[in-house]
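To start, the structure itself, in C-alpha cells.
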Amino acid sequence: MPKWWETEPIRFECQPDCFKCCMKPGVVNFDRGDIYNAAKFLEIKTSDFKKKFLKKDFGVYEMELEEGQVCQFLTMQGCNIHPAKPRQCQTYPFWKENLRTRNHWELTAGFCPGIGQGPVIPPEEIKQRLKDFRG
Ligand code: SF4
Ligand code: SF4
C-alpha cells in the first residue's frame, strides 16, 4: 500500500530568515560522515570539531540545545556550516516521525512555516530524504 505522501502532493520551501528549527530545544546528531564534512568545511581536525562542538552520549556524537538556546552554528546570515550541515538538518522536515501520518505532518506544519509553501516535492525525493536520515 502506498504511503499517504505518495498519493497526496506535499509542498515545501524553507522560508528565508526563519531558522525556527535551529532554535528549538532538542538534539542534533552528527554521524561520522557529518563530522568529517563539517570539520573539513571549517578546515579543522575532526578531533577538534568533536571537542569544540559536540558531546558523546551512549557512543553517539551530538549537540544538545536546551530551552532558550540556539544552535552554536546559527549566525545572523543563517547556518554557518550550511553546505556541510548534518543530515538531520539537511532532511528536515522530511523525517519519519513527521511523515508517519497526515496528522503528524500537519502538526509539524504548525511549527514549520515552510510546509505548504513552494514546489511539490516528488515522492522519490521524500524517499531519498527518509533514507538519508533515519532519525
Ligand atoms: S522551521 Fe521550516 S521554514 Fe523554518 S528554517 Fe526550519 S525548515 Fe525552514
Ligand atoms: S547545524 Fe545549521 S542547520 Fe543545523 S541546527 Fe545548527 S544552524 Fe541549524
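In the C-alpha cells, chains take letters A, B, ... by order of appearance, with residues numbered from 1 within each chain and ligands from 1 in the order shown.
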Within 6 Å of ligand 1 (only C-alpha atoms and all ligand atoms), residues as number ranges by chain: A: 14-15, 18-21, 92, 112-114
Using only C-alpha atoms and all ligand atoms, which residues of the polymer chains come no farther than 8 Å from ligand 2? I'd like the answer as a PyMOL selection string. chain A and resi 19+21-23+28+70-75+78-82+85-86+88-90
Can you write out the residues you just picked, keeping C-alpha atoms, as a PDB file, in the first residue's frame?
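Wrote it out as selection.pdb, contents follow:
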```pdb
ATOM      1  CA  PHE A  19      15.607  29.488  11.478  1.00  0.00           C
ATOM      2  CA  CYS A  21      14.348  24.663  13.652  1.00  0.00           C
ATOM      3  CA  CYS A  22      17.815  25.938  14.627  1.00  0.00           C
ATOM      4  CA  MET A  23      16.425  27.475  17.827  1.00  0.00           C
ATOM      5  CA  VAL A  28      21.236  17.353  16.644  1.00  0.00           C
ATOM      6  CA  VAL A  70      20.153  28.487  19.695  1.00  0.00           C
ATOM      7  CA  CYS A  71      22.423  26.228  17.674  1.00  0.00           C
ATOM      8  CA  GLN A  72      26.041  27.267  18.011  1.00  0.00           C
ATOM      9  CA  PHE A  73      26.332  27.333  14.196  1.00  0.00           C
ATOM     10  CA  LEU A  74      23.485  29.785  13.725  1.00  0.00           C
ATOM     11  CA  THR A  75      24.556  33.280  12.673  1.00  0.00           C
ATOM     12  CA  GLY A  78      21.970  31.568   8.691  1.00  0.00           C
ATOM     13  CA  CYS A  79      23.743  28.281   9.245  1.00  0.00           C
ATOM     14  CA  ASN A  80      27.478  28.794   9.375  1.00  0.00           C
ATOM     15  CA  ILE A  81      28.102  25.276   8.069  1.00  0.00           C
ATOM     16  CA  HIS A  82      25.196  25.256   5.601  1.00  0.00           C
ATOM     17  CA  LYS A  85      25.319  20.731   7.800  1.00  0.00           C
ATOM     18  CA  PRO A  86      24.420  17.337   9.292  1.00  0.00           C
ATOM     19  CA  GLN A  88      19.424  15.612  10.321  1.00  0.00           C
ATOM     20  CA  CYS A  89      19.269  19.294   9.337  1.00  0.00           C
ATOM     21  CA  GLN A  90      19.510  18.685   5.579  1.00  0.00           C
TER      22      GLN A  90
END
```
From a DSSP calculation on the backbone, collect every residue of region 18-93 of chain A in helix (DSSP H, G or I) and output the set as number ranges by chain. A: 20-22, 32-42, 46-53, 82-84, 87-91
Considering only C-alpha atoms, can you say which of A:Gln128, A:Pro93, A:Leu65, A:Ala38 comes closest to Phe111 (chain A)? A:Pro93
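As for CA of Met63 (chain A) and CA of Ile44 (chain A), they are spaced 17.6 Å apart.
Closest approach to Asp34 (chain A) from the set A:Arg11, A:Lys3, A:Arg87, A:Lys56 is made by A:Arg87, with distances taken over only C-alpha atoms.
Candidate residues A:Ala39, A:Glu64, A:Ser47, A:Phe53 were compared for distance to Gly26 (chain A), and the nearest is A:Glu64, using only C-alpha atoms.
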Pull the strand (DSSP E or B) assignments for region 2-132 of chain A out of DSSP run on the backbone, and list those residues as JSON, numbers by chain. {"A": [11, 12, 26, 27, 28, 29, 30, 55, 56, 57, 60, 61, 62, 63, 64, 65, 74, 75, 78, 79, 115, 116, 117, 118, 119, 120]}
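Nearest-residue note for Val27 (chain A): choosing from A:Trp105, A:Tyr61, A:Trp4, A:Phe94, the minimum distance belongs to A:Tyr61, counting only C-alpha atoms.
Between CA of Leu130 (chain A) and CA of Thr91 (chain A) there is a distance of 7.5 Å.
The spacing separating CA of Arg102 (chain A) from CA of Ile126 (chain A) amounts to 14.2 Å.
Take the candidates A:Glu8, A:Thr108, A:Gly68, A:Ala84 and check each one against Lys24 (chain A) using only C-alpha atoms; the shortest distance goes to A:Gly68.
Across A:Gly59, A:Pro83, A:Pro119, A:Gly110, the tightest approach to Glu13 (chain A) is made by A:Pro119 when counting only C-alpha atoms.
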Residues near Val120 (chain A), anyone? I mean within 8 Å using only C-alpha atoms, not counting same-chain ones fewer than 4 positions away, as a list in words. Pro9, Ile10, Arg11 and Phe12 of chain A
